[in-house]
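Novice: For reference, this is query04.pdb, and it has PDB, C-alpha atoms.
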ATOM      1  CA  MET K1021      88.026 112.409  90.678
ATOM      2  CA  ALA K1022      89.976 113.589  87.654
ATOM      3  CA  GLY K1023      91.513 116.685  89.209
ATOM      4  CA  ALA K1024      91.805 115.447  92.759
ATOM      5  CA  ALA K1025      94.740 113.187  93.336
ATOM      6  CA  LEU K1026      94.457 113.106  97.122
ATOM      7  CA  LEU K1027      92.976 109.748  97.985
ATOM      8  CA  GLY K1028      93.908 109.238 101.581
ATOM      9  CA  ARG K1029      95.522 106.134 102.961
ATOM     10  CA  LEU K1030      95.133 102.936 101.061
ATOM     11  CA  THR K1031      93.685 100.217 103.213
ATOM     12  CA  TRP K1032      93.524  96.485 102.772
ATOM     13  CA  GLN K1033      90.029  95.092 102.610
ATOM     14  CA  LEU K1034      88.498  91.649 102.416
ATOM     15  CA  ALA K1035      87.034  90.733  99.054
ATOM     16  CA  GLY K1036      84.762  87.739  98.557
ATOM     17  CA  VAL K1037      85.131  85.449  95.550
ATOM     18  CA  VAL K1038      81.863  85.379  93.636
ATOM     19  CA  ASP K1039      82.875  83.328  90.620
ATOM     20  CA  VAL K1040      85.882  81.704  88.949
ATOM     21  CA  VAL K1041      85.770  81.437  85.158
ATOM     22  CA  THR K1042      88.203  79.366  83.080
ATOM     23  CA  GLU K1043      89.355  81.509  80.143
ATOM     24  CA  THR K1044      92.119  79.314  78.686
ATOM     25  CA  PRO K1045      94.117  76.347  80.006
ATOM     26  CA  ARG K1046      96.406  78.694  81.952
ATOM     27  CA  VAL K1047      94.186  81.687  82.615
ATOM     28  CA  LYS K1048      91.231  82.243  84.910
ATOM     29  CA  THR K1049      89.034  85.208  85.653
ATOM     30  CA  ILE K1050      88.149  85.656  89.297
ATOM     31  CA  VAL K1051      85.166  87.830  90.107
ATOM     32  CA  PHE K1052      85.220  89.498  93.518
ATOM     33  CA  ASP K1053      82.687  91.400  95.506
ATOM     34  CA  VAL K1054      84.421  94.151  97.456
ATOM     35  CA  PRO K1055      81.920  95.630  99.929
ATOM     36  CA  GLU K1056      83.719  98.965 100.338
ATOM     37  CA  TRP K1057      84.586  99.376  96.647
ATOM     38  CA  LEU K1058      84.298 102.979  95.514
ATOM     39  CA  GLY K1059      84.557 102.291  91.783
ATOM     40  CA  HIS K1060      87.504 102.327  89.422
ATOM     41  CA  ARG K1061      88.683 103.620  86.066
ATOM     42  CA  ALA K1062      89.511 101.355  83.123
ATOM     43  CA  GLY K1063      93.192 100.410  83.295
ATOM     44  CA  GLN K1064      93.604 100.667  87.066
ATOM     45  CA  HIS K1065      94.716  97.731  89.149
ATOM     46  CA  VAL K1066      94.574  96.268  92.631
ATOM     47  CA  ASP K1067      97.227  94.883  94.932
ATOM     48  CA  ILE K1068      96.555  91.414  96.327
ATOM     49  CA  ARG K1069      98.169  90.197  99.530
ATOM     50  CA  LEU K1070      98.512  86.596 100.631
ATOM     51  CA  THR K1071      99.648  85.783 104.151
ATOM     52  CA  ALA K1072     100.999  82.344 105.033
ATOM     53  CA  GLU K1073     100.441  80.744 108.426
ATOM     54  CA  ASP K1074     103.963  81.685 109.501
ATOM     55  CA  GLY K1075     103.267  85.321 108.683
ATOM     56  CA  TYR K1076     105.161  85.382 105.380
ATOM     57  CA  ARG K1077     103.478  87.736 102.969
ATOM     58  CA  ALA K1078     103.492  88.033  99.199
ATOM     59  CA  GLU K1079     101.972  90.965  97.337
ATOM     60  CA  ARG K1080     101.187  91.244  93.641
ATOM     61  CA  SER K1081      99.490  93.773  91.450
ATOM     62  CA  TYR K1082      96.722  92.705  89.032
ATOM     63  CA  SER K1083      94.901  94.778  86.459
ATOM     64  CA  ILE K1084      91.149  95.019  86.734
ATOM     65  CA  ALA K1085      89.588  93.477  83.623
ATOM     66  CA  SER K1086      86.004  94.575  84.202
ATOM     67  CA  ALA K1087      84.331  97.882  83.493
ATOM     68  CA  PRO K1088      83.076  99.704  86.588
ATOM     69  CA  ASP K1089      80.154  97.678  87.987
ATOM     70  CA  GLY K1090      79.139  98.522  91.525
ATOM     71  CA  THR K1091      81.125  96.565  94.084
ATOM     72  CA  ARG K1092      82.179  93.832  91.643
ATOM     73  CA  ILE K1093      85.577  93.582  90.023
ATOM     74  CA  ALA K1094      87.064  90.886  87.798
ATOM     75  CA  LEU K1095      90.752  90.001  87.670
ATOM     76  CA  THR K1096      92.142  87.821  84.891
ATOM     77  CA  VAL K1097      95.128  85.876  86.154
ATOM     78  CA  GLU K1098      97.651  83.790  84.245
ATOM     79  CA  ARG K1099      99.097  80.843  86.135
ATOM     80  CA  LEU K1100     102.877  81.090  86.367
ATOM     81  CA  ASP K1101     104.238  77.694  87.359
ATOM     82  CA  ASP K1102     106.978  79.141  89.542
ATOM     83  CA  GLY K1103     104.823  82.014  90.807
ATOM     84  CA  GLU K1104     104.146  82.625  94.491
ATOM     85  CA  VAL K1105     100.682  84.088  94.103
ATOM     86  CA  SER K1106      99.128  83.182  90.735
ATOM     87  CA  PRO K1107      98.947  79.372  91.313
ATOM     88  CA  TYR K1108      96.998  80.028  94.485
ATOM     89  CA  LEU K1109      94.619  82.422  92.741
ATOM     90  CA  THR K1110      94.031  80.179  89.720
ATOM     91  CA  ASP K1111      94.004  76.748  91.409
ATOM     92  CA  GLU K1112      92.783  77.203  94.963
ATOM     93  CA  LEU K1113      90.234  80.007  95.057
ATOM     94  CA  ARG K1114      86.562  79.025  95.086
ATOM     95  CA  ALA K1115      83.350  81.005  95.317
ATOM     96  CA  GLY K1116      82.863  82.041  98.916
ATOM     97  CA  ASP K1117      86.589  82.359  99.713
ATOM     98  CA  ARG K1118      87.882  85.688 100.913
ATOM     99  CA  ILE K1119      91.130  87.415 100.122
ATOM    100  CA  GLU K1120      92.878  90.691 101.020
ATOM    101  CA  LEU K1121      93.141  93.382  98.382
ATOM    102  CA  ARG K1122      93.492  97.135  98.123
ATOM    103  CA  GLY K1123      92.740  99.587  95.390
ATOM    104  CA  PRO K1124      91.984 100.778  92.891
ATOM    105  CA  VAL K1125      95.462 102.152  92.277
ATOM    106  CA  GLY K1126      97.146 103.844  89.357
ATOM    107  CA  GLY K1127      95.981 106.674  87.158
ATOM    108  CA  TYR K1128      98.547 106.769  84.398
ATOM    109  CA  PHE K1129      97.549 103.672  82.402
ATOM    110  CA  VAL K1130      93.907 104.714  82.278
ATOM    111  CA  TRP K1131      91.409 105.497  79.529
ATOM    112  CA  GLU K1132      88.044 107.144  79.933
ATOM    113  CA  PRO K1133      85.480 107.672  77.176
ATOM    114  CA  GLY K1134      85.772 111.437  77.656
ATOM    115  CA  GLN K1135      89.363 111.285  76.414
ATOM    116  CA  GLY K1136      88.020 110.234  73.042
ATOM    117  CA  GLY K1137      90.022 108.400  70.460
ATOM    118  CA  PRO K1138      91.229 106.943  68.318
ATOM    119  CA  LEU K1139      92.142 104.147  70.668
ATOM    120  CA  PHE K1140      94.906 101.729  69.716
ATOM    121  CA  LEU K1141      95.383  98.809  72.112
ATOM    122  CA  VAL K1142      98.216  96.309  71.812
ATOM    123  CA  ALA K1143      98.183  93.252  74.064
ATOM    124  CA  GLY K1144     100.477  90.293  74.612
ATOM    125  CA  GLY K1145      98.811  87.333  76.363
ATOM    126  CA  SER K1146      97.223  88.212  79.692
ATOM    127  CA  GLY K1147      98.228  91.832  79.026
ATOM    128  CA  ILE K1148      94.762  91.998  77.491
ATOM    129  CA  ALA K1149      93.201  92.450  80.967
ATOM    130  CA  PRO K1150      93.382  96.241  81.450
ATOM    131  CA  LEU K1151      92.710  96.800  77.747
ATOM    132  CA  MET K1152      89.588  94.661  78.039
ATOM    133  CA  ALA K1153      88.418  96.947  80.845
ATOM    134  CA  MET K1154      88.740  99.833  78.381
ATOM    135  CA  LEU K1155      86.835  97.999  75.630
ATOM    136  CA  ARG K1156      84.132  96.916  78.073
ATOM    137  CA  LEU K1157      83.797 100.470  79.333
ATOM    138  CA  ARG K1158      83.607 101.750  75.761
ATOM    139  CA  ALA K1159      80.749  99.313  75.113
ATOM    140  CA  ALA K1160      78.979 100.035  78.411
ATOM    141  CA  ALA K1161      79.204 103.776  77.850
ATOM    142  CA  GLY K1162      77.855 103.466  74.293
ATOM    143  CA  SER K1163      80.983 105.190  73.018
ATOM    144  CA  ASP K1164      81.633 105.072  69.282
ATOM    145  CA  VAL K1165      85.289 106.036  69.584
ATOM    146  CA  ASP K1166      87.447 104.387  66.907
ATOM    147  CA  ALA K1167      88.976 101.418  68.749
ATOM    148  CA  ARG K1168      91.436  98.878  67.421
ATOM    149  CA  LEU K1169      93.018  95.961  69.224
ATOM    150  CA  LEU K1170      96.091  94.037  68.132
ATOM    151  CA  PHE K1171      96.301  90.924  70.291
ATOM    152  CA  SER K1172      99.220  88.498  70.332
ATOM    153  CA  SER K1173      98.587  85.003  71.694
ATOM    154  CA  ARG K1174     100.512  81.771  71.359
ATOM    155  CA  SER K1175      97.688  79.702  69.884
ATOM    156  CA  TRP K1176      93.952  79.705  69.188
ATOM    157  CA  ASN K1177      93.193  77.979  72.496
ATOM    158  CA  GLU K1178      95.149  80.595  74.388
ATOM    159  CA  ILE K1179      93.203  83.609  73.130
ATOM    160  CA  ILE K1180      91.722  85.104  76.283
ATOM    161  CA  TYR K1181      88.138  86.478  75.928
ATOM    162  CA  ARG K1182      88.002  85.058  72.394
ATOM    163  CA  ASP K1183      84.212  84.921  72.073
ATOM    164  CA  GLU K1184      83.612  88.264  73.734
ATOM    165  CA  LEU K1185      86.144  89.889  71.406
ATOM    166  CA  GLU K1186      84.221  88.486  68.445
ATOM    167  CA  ARG K1187      81.068  90.116  69.778
ATOM    168  CA  LEU K1188      82.868  93.425  70.244
ATOM    169  CA  ARG K1189      83.518  93.466  66.504
ATOM    170  CA  ASP K1190      79.775  93.997  66.039
ATOM    171  CA  ASP K1191      80.172  97.087  68.147
ATOM    172  CA  GLY K1192      82.737  98.519  65.758
ATOM    173  CA  VAL K1193      85.926  97.422  67.492
ATOM    174  CA  VAL K1194      88.629  96.308  65.055
ATOM    175  CA  VAL K1195      90.163  93.119  66.471
ATOM    176  CA  ALA K1196      93.310  91.684  64.875
ATOM    177  CA  HIS K1197      94.894  88.522  66.242
ATOM    178  CA  THR K1198      98.365  87.188  65.761
ATOM    179  CA  LEU K1199      99.091  83.600  66.804
ATOM    180  CA  THR K1200     102.813  83.226  67.313
ATOM    181  CA  ARG K1201     103.317  79.516  67.971
ATOM    182  CA  SER K1202     100.574  77.532  66.279
ATOM    183  CA  GLN K1203      97.544  78.306  64.159
ATOM    184  CA  PRO K1204      94.370  76.346  63.440
ATOM    185  CA  ALA K1205      93.725  75.064  59.915
ATOM    186  CA  GLY K1206      92.514  77.830  57.641
ATOM    187  CA  TRP K1207      93.822  80.622  59.906
ATOM    188  CA  SER K1208      93.892  83.903  58.029
ATOM    189  CA  GLY K1209      95.227  86.185  60.769
ATOM    190  CA  TYR K1210      98.826  87.068  61.506
ATOM    191  CA  THR K1211     101.280  84.310  62.414
ATOM    192  CA  ARG K1212     104.312  86.202  63.678
ATOM    193  CA  ARG K1213     105.411  88.339  66.579
ATOM    194  CA  VAL K1214     104.102  91.897  66.543
ATOM    195  CA  ASP K1215     106.287  94.078  64.352
ATOM    196  CA  ARG K1216     106.291  97.524  62.862
ATOM    197  CA  GLU K1217     104.439  96.529  59.708
ATOM    198  CA  MET K1218     101.664  94.880  61.696
ATOM    199  CA  LEU K1219     101.307  97.913  63.960
ATOM    200  CA  ALA K1220     101.043 100.151  60.899
ATOM    201  CA  GLU K1221      98.397  97.921  59.317
ATOM    202  CA  VAL K1222      96.155  97.595  62.359
ATOM    203  CA  GLY K1223      96.413 100.850  64.275
ATOM    204  CA  ALA K1224      95.465 104.403  63.475
ATOM    205  CA  GLY K1225      98.572 106.165  62.185
ATOM    206  CA  PRO K1226     100.411 108.876  64.103
ATOM    207  CA  GLU K1227      98.695 111.552  61.991
ATOM    208  CA  HIS K1228      95.432 110.602  63.756
ATOM    209  CA  GLU K1229      97.082 111.024  67.168
ATOM    210  CA  PRO K1230      95.690 107.845  68.727
ATOM    211  CA  HIS K1231      95.850 107.081  72.442
ATOM    212  CA  VAL K1232      98.061 104.014  72.477
ATOM    213  CA  TYR K1233      98.079 101.490  75.324
ATOM    214  CA  VAL K1234     100.481  98.564  75.324
ATOM    215  CA  CYS K1235     100.354  95.806  77.936
ATOM    216  CA  GLY K1236     102.164  92.495  78.138
ATOM    217  CA  PRO K1237     105.394  90.854  79.191
ATOM    218  CA  THR K1238     108.289  93.299  79.507
ATOM    219  CA  ALA K1239     110.114  92.081  76.382
ATOM    220  CA  PHE K1240     106.907  92.357  74.326
ATOM    221  CA  VAL K1241     106.188  95.888  75.548
ATOM    222  CA  GLU K1242     109.759  97.013  74.856
ATOM    223  CA  VAL K1243     109.656  95.878  71.241
ATOM    224  CA  VAL K1244     106.181  97.254  70.575
ATOM    225  CA  ALA K1245     106.900 100.637  72.162
ATOM    226  CA  GLU K1246     110.100 100.980  70.164
ATOM    227  CA  ASP K1247     108.338 100.097  66.911
ATOM    228  CA  LEU K1248     105.531 102.569  67.651
ATOM    229  CA  VAL K1249     108.028 105.369  68.181
ATOM    230  CA  GLY K1250     109.750 104.250  64.963
ATOM    231  CA  LEU K1251     106.420 104.659  63.157
ATOM    232  CA  GLY K1252     106.237 108.235  64.339
ATOM    233  CA  HIS K1253     103.910 107.964  67.345
ATOM    234  CA  GLU K1254     104.588 110.511  70.082
ATOM    235  CA  PRO K1255     106.306 108.781  73.010
ATOM    236  CA  ARG K1256     103.978 110.674  75.337
ATOM    237  CA  ALA K1257     100.928 109.171  73.609
ATOM    238  CA  ILE K1258     102.167 105.617  74.228
ATOM    239  CA  ARG K1259     101.298 104.290  77.663
ATOM    240  CA  THR K1260     102.836 101.023  78.699
ATOM    241  CA  GLU K1261     102.200  98.443  81.378
ATOM    242  CA  ARG K1262     104.875  95.774  81.691
ATOM    243  CA  PHE K1263     104.285  92.761  83.834
ATOM    244  CA  GLY K1264     107.669  91.109  83.909
ATOM    245  CA  ALA K1265     109.241  88.087  82.364
ATOM    246  CA  THR K1266     106.219  85.887  81.741
ATOM    247  CA  GLY K1267     105.610  84.505  78.294
ATOM    248  CA  GLY K1268     103.029  86.064  76.023
TER     249      GLY K1268
ATOM    250  CA  MET O 992     116.868  95.101  78.569
ATOM    251  CA  ASP O 993     115.997  93.423  81.824
ATOM    252  CA  GLU O 994     112.973  91.145  81.583
ATOM    253  CA  LEU O 995     112.096  91.826  85.201
ATOM    254  CA  MET O 996     111.699  95.527  84.595
ATOM    255  CA  LEU O 997     108.246  96.951  85.300
ATOM    256  CA  ASP O 998     106.641 100.394  85.050
ATOM    257  CA  GLY O 999     105.905 102.921  87.726
ATOM    258  CA  ASN O1000     102.300 101.712  87.459
ATOM    259  CA  ALA O1001     103.336  98.484  89.135
ATOM    260  CA  VAL O1002     104.163 100.245  92.389
ATOM    261  CA  ALA O1003     101.187 102.610  92.372
ATOM    262  CA  GLY O1004      99.870 100.955  95.535
ATOM    263  CA  VAL O1005     103.082 101.306  97.514
ATOM    264  CA  LEU O1006     103.541 104.904  96.369
ATOM    265  CA  GLN O1007      99.984 105.763  97.320
ATOM    266  CA  GLU O1008     100.574 104.148 100.697
ATOM    267  CA  VAL O1009     103.572 106.415 101.252
ATOM    268  CA  PHE O1010     102.294 109.677  99.799
ATOM    269  CA  ALA O1011      98.502 109.327 100.125
ATOM    270  CA  PHE O1012      98.292 110.696  96.586
ATOM    271  CA  GLU O1013      97.781 108.963  93.262
ATOM    272  CA  MET O1014     101.440 109.159  92.266
ATOM    273  CA  THR O1015     101.589 107.528  88.814
ATOM    274  CA  THR O1016     100.268 110.707  87.194
ATOM    275  CA  ALA O1017     102.560 112.925  89.293
ATOM    276  CA  VAL O1018     105.387 114.352  87.206
ATOM    277  CA  GLY O1019     108.945 113.785  88.345
ATOM    278  CA  THR O1020     112.019 115.601  87.042
ATOM    279  CA  CYS O1021     115.163 113.503  86.943
ATOM    280  CA  GLY O1022     117.987 114.913  89.022
ATOM    281  CA  ASN O1023     120.519 113.670  86.506
ATOM    282  CA  CYS O1024     119.235 114.369  82.983
ATOM    283  CA  GLY O1025     116.503 116.855  83.845
ATOM    284  CA  VAL O1026     113.811 115.120  81.767
ATOM    285  CA  ALA O1027     110.335 115.357  83.305
ATOM    286  CA  GLY O1028     107.728 112.621  82.970
ATOM    287  CA  PRO O1029     104.954 110.786  84.803
ATOM    288  CA  ILE O1030     106.001 108.501  87.642
ATOM    289  CA  GLY O1031     103.931 105.773  85.942
ATOM    290  CA  ALA O1032     106.436 105.768  83.082
ATOM    291  CA  LEU O1033     109.504 105.236  85.288
ATOM    292  CA  HIS O1034     111.275 101.913  85.125
ATOM    293  CA  VAL O1035     110.791  99.791  88.209
ATOM    294  CA  TYR O1036     112.857  96.890  89.498
ATOM    295  CA  ARG O1037     111.591  94.778  92.378
ATOM    296  CA  GLY O1038     113.879  92.711  94.533
ATOM    297  CA  ALA O1039     114.458  92.960  98.249
ATOM    298  CA  GLY O1040     113.141  96.474  97.718
ATOM    299  CA  ILE O1041     111.896  98.655  94.903
ATOM    300  CA  VAL O1042     114.218 100.695  92.700
ATOM    301  CA  LEU O1043     112.826 103.438  90.448
ATOM    302  CA  ARG O1044     114.943 104.494  87.478
ATOM    303  CA  CYS O1045     114.694 107.271  84.902
ATOM    304  CA  PRO O1046     113.578 105.789  81.530
ATOM    305  CA  HIS O1047     115.801 108.265  79.681
ATOM    306  CA  CYS O1048     119.170 108.097  81.464
ATOM    307  CA  ASN O1049     118.702 105.117  83.832
ATOM    308  CA  ASN O1050     119.561 107.282  86.857
ATOM    309  CA  VAL O1051     118.256 105.840  90.133
ATOM    310  CA  ILE O1052     115.376 108.146  91.054
ATOM    311  CA  GLY O1053     114.460 106.470  94.310
ATOM    312  CA  LYS O1054     114.421 103.348  96.427
ATOM    313  CA  ILE O1055     111.824 101.919  98.788
ATOM    314  CA  VAL O1056     112.557  99.118 101.230
ATOM    315  CA  ARG O1057     110.242  97.818 103.912
ATOM    316  CA  ASP O1058     110.033  95.278 106.654
ATOM    317  CA  ASP O1059     107.067  94.462 108.843
ATOM    318  CA  THR O1060     107.127  97.664 110.845
ATOM    319  CA  ARG O1061     109.123 100.259 108.899
ATOM    320  CA  MET O1062     109.630 101.646 105.441
ATOM    321  CA  TRP O1063     112.810 103.336 104.170
ATOM    322  CA  ILE O1064     112.384 105.773 101.313
ATOM    323  CA  SER O1065     115.184 107.401  99.373
ATOM    324  CA  LEU O1066     114.383 109.956  96.677
ATOM    325  CA  SER O1067     117.956 111.022  96.080
ATOM    326  CA  GLY O1068     117.729 111.054  92.282
ATOM    327  CA  VAL O1069     114.696 113.238  91.709
ATOM    328  CA  ARG O1070     114.848 117.015  91.429
ATOM    329  CA  THR O1071     111.147 117.787  91.860
ATOM    330  CA  VAL O1072     107.835 115.984  91.982
ATOM    331  CA  GLN O1073     104.696 117.787  90.807
ATOM    332  CA  ILE O1074     101.414 116.522  92.212
ATOM    333  CA  ALA O1075      97.972 117.684  91.053
ATOM    334  CA  VAL O1076      96.088 119.063  94.070
TER     335      VAL O1076
END
Take the structure in this file and express it as structure tokens.
Specialist:
Amino acid sequence: MAGAALLGRLTWQLAGVVDVVTETPRVKTIVFDVPEWLGHRAGQHVDIRLTAEDGYRAERSYSIASAPDGTRIALTVERLDDGEVSPYLTDELRAGDRIELRGPVGGYFVWEPGQGGPLFLVAGGSGIAPLMAMLRLRAAAGSDVDARLLFSSRSWNEIIYRDELERLRDDGVVVAHTLTRSQPAGWSGYTRRVDREMLAEVGAGPEHEPHVYVCGPTAFVEVVAEDLVGLGHEPRAIRTERFGATGG
Amino acid sequence: MDELMLDGNAVAGVLQEVFAFEMTTAVGTCGNCGVAGPIGALHVYRGAGIVLRCPHCNNVIGKIVRDDTRMWISLSGVRTVQIAV
């Protein structure tokens, strides 16, 4: 579908919850089966719509965390205490429930193996979700593209996909963690917010023309994008996905 | 910097609903500063409606407001939009 942007009308469809997986104390992955799903590209998202009994509706956009896999998609959702939608998704949904969604949407924050690399992914908190779709697709496609992830989390227990990321190292992915609030005993990774020096140490330099994807809270993405440009990366090569004011 | 700011990606669904095209890769030229870039890289603010702003000069590119039965779309700040067909 690369050259054809015409997609027709987007329609809401009912998706069934297949599984709910606890990732961290505040984050769950919800696996849906979407009968009419036509596939997606890594980095795309879906819109979810909740309708209250009085007809009030709330819509939110969530990145797809899974690589293309038939009619199944996985969303990784962080619970925001004052959120309208995320507490419902993380606390109430059970296997067998159904929910309205539409998608996939987006085409800008997307990576496909054919684009090649190097790939430099920078995530803050649950901003890992669309980047994980890219890493999972890279693995599923048997791609050996140079891929490096710099992942900022608050603490060890809040690292989303921690075990799977360890396994991806065996597949050649460079994974660097920074833990900004607390670190376990013996921690040898970074312990500060992402900065220019860290970006230079982890990522392929601008001379290698990496595809750079940054996803996280708005303030996180702002700082990272600015530092990347400061390091000499082409603004056009830096794709960003901001998800608002939530903490990373 | 406004912590509620999002990217054009965040309204990909609404834009696709309106235009029936994948719009985040469409290229818009700002009517104020003349810089062209993908709609996905615009700055987006969501409140009672959606406001799209140019990431270079902050010019309001467009606004989308909806209720249950209608949608109002203003694209007063964009010079051209290029869509791959």
Novice: For stretch 1058-1158 of chain K against stretch 1016-1026 of chain O, with a cut-off of 10 Å and counting all atoms listed in the file, what is the closest atom pair and its distance in Å to one decimal for every residue that makes the cut, ordered by chain and number, as a Markdown table?
Specialist:
| residue | atom | partner | partner_atom | distance |
| --- | --- | --- | --- | --- |
| K:Gly1126 | CA | O:Thr1016 | CA | 7.8 |
| K:Gly1127 | CA | O:Thr1016 | CA | 5.9 |
| K:Tyr1128 | CA | O:Thr1016 | CA | 5.1 |
| K:Phe1129 | CA | O:Thr1016 | CA | 8.9 |
Novice: Quick one: write out the picked residues with C-alpha atoms as a short mmCIF file (atom, residue, chain, number, x, y, z; two decimals), keeping the file's coordinate frame?
Specialist:
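Result written to selection-v6.cif:
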data_model
loop_
_atom_site.label_atom_id
_atom_site.label_comp_id
_atom_site.auth_asym_id
_atom_site.auth_seq_id
_atom_site.Cartn_x
_atom_site.Cartn_y
_atom_site.Cartn_z
CA GLY K 1126 97.15 103.84 89.36
CA GLY K 1127 95.98 106.67 87.16
CA TYR K 1128 98.55 106.77 84.40
CA PHE K 1129 97.55 103.67 82.40
#
Novice: Once you count only C-alpha atoms, which residues of chain K turn out to be within 12 Å of chain O? Could you give them as a PyMOL selection string?
Specialist: chain K and resi 1021-1032+1063-1069+1075-1077+1079-1083+1121-1130+1234-1243+1255-1267
Novice: Within 12 Å of (89.7, 94.8, 69.2), only C-alpha atoms: residues as a count of residues only?
Specialist: 40
Novice: Atom CA of K:Ser1208 and atom CA of K:Glu1178 are how many Å apart?
Specialist: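 Rounded to one decimal, the two atoms are 16.7 Å apart.
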Novice: Might you pull out every residue within 12 Å of O:Trp1063, with only C-alpha atoms counted and same-chain residues fewer than 2 positions away left off, and present them as a list of chain:residue names?
Specialist: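 Counting only the stated atoms, we get O:Val1005, O:Val1009, O:Gly1040, O:Ile1041, O:Val1042, O:Gly1053, O:Lys1054, O:Ile1055, O:Val1056, O:Arg1057, O:Asp1058, O:Asp1059, O:Thr1060, O:Arg1061, O:Ser1065, O:Leu1066.
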Novice: Could you spell out the hits of the PyMOL selection byres ((chain K and resi 1106) around 12) on the shown file, as a PyMOL selection string?
Specialist: chain K and resi 1046-1050+1068-1070+1078-1082+1095-1105+1107-1113+1266
Novice: Care to translate the PyMOL selection byres ((chain K and resi 1090) around 8) into actual residues of this file, as a ChimeraX atom specification?
Specialist: /K:1057-1059,1088-1089,1091-1092
Novice: Given all atoms listed in the file as the basis, pick out the residue of K:Arg1174, K:His1060, K:His1253, K:Arg1201 nearest to K:Glu1227.
Specialist: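 Ranking K:Arg1174, K:His1060, K:His1253, K:Arg1201 by distance to K:Glu1227, first place goes to K:His1253.
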Novice: Would you mind completing stretch 1040-1053 of chain O to N, CA and C atoms and writing the output as an mmCIF file, in the frame of the given file?
Specialist:
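Generated file (out_31.cif):
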data_model
loop_
_atom_site.group_PDB
_atom_site.id
_atom_site.type_symbol
_atom_site.label_atom_id
_atom_site.label_comp_id
_atom_site.auth_asym_id
_atom_site.auth_seq_id
_atom_site.Cartn_x
_atom_site.Cartn_y
_atom_site.Cartn_z
ATOM 1 N N GLY O 1040 113.871 95.212 97.631
ATOM 2 C CA GLY O 1040 113.141 96.474 97.718
ATOM 3 C C GLY O 1040 112.723 96.883 96.319
ATOM 4 N N ILE O 1041 112.330 98.141 96.204
ATOM 5 C CA ILE O 1041 111.896 98.655 94.903
ATOM 6 C C ILE O 1041 112.883 99.730 94.466
ATOM 7 N N VAL O 1042 113.340 99.659 93.247
ATOM 8 C CA VAL O 1042 114.218 100.695 92.700
ATOM 9 C C VAL O 1042 113.506 101.342 91.519
ATOM 10 N N LEU O 1043 113.443 102.682 91.541
ATOM 11 C CA LEU O 1043 112.826 103.438 90.448
ATOM 12 C C LEU O 1043 113.935 104.099 89.639
ATOM 13 N N ARG O 1044 113.905 103.898 88.326
ATOM 14 C CA ARG O 1044 114.943 104.494 87.478
ATOM 15 C C ARG O 1044 114.342 105.373 86.390
ATOM 16 N N CYS O 1045 115.108 106.378 85.986
ATOM 17 C CA CYS O 1045 114.694 107.271 84.902
ATOM 18 C C CYS O 1045 114.705 106.493 83.585
ATOM 19 N N PRO O 1046 113.600 106.535 82.790
ATOM 20 C CA PRO O 1046 113.578 105.789 81.530
ATOM 21 C C PRO O 1046 114.492 106.392 80.470
ATOM 22 N N HIS O 1047 114.947 107.620 80.693
ATOM 23 C CA HIS O 1047 115.801 108.265 79.681
ATOM 24 C C HIS O 1047 117.278 108.025 79.946
ATOM 25 N N CYS O 1048 117.721 108.193 81.198
ATOM 26 C CA CYS O 1048 119.170 108.097 81.464
ATOM 27 C C CYS O 1048 119.509 106.973 82.447
ATOM 28 N N ASN O 1049 118.491 106.262 82.930
ATOM 29 C CA ASN O 1049 118.702 105.117 83.832
ATOM 30 C C ASN O 1049 119.156 105.511 85.239
ATOM 31 N N ASN O 1050 119.215 106.809 85.516
ATOM 32 C CA ASN O 1050 119.561 107.282 86.857
ATOM 33 C C ASN O 1050 118.591 106.700 87.890
ATOM 34 N N VAL O 1051 119.128 106.316 89.051
ATOM 35 C CA VAL O 1051 118.256 105.840 90.133
ATOM 36 C C VAL O 1051 117.522 107.038 90.734
ATOM 37 N N ILE O 1052 116.220 107.053 90.558
ATOM 38 C CA ILE O 1052 115.376 108.146 91.054
ATOM 39 C C ILE O 1052 115.104 107.948 92.542
ATOM 40 N N GLY O 1053 114.794 106.716 92.910
ATOM 41 C CA GLY O 1053 114.460 106.470 94.310
ATOM 42 C C GLY O 1053 114.471 104.993 94.646
#
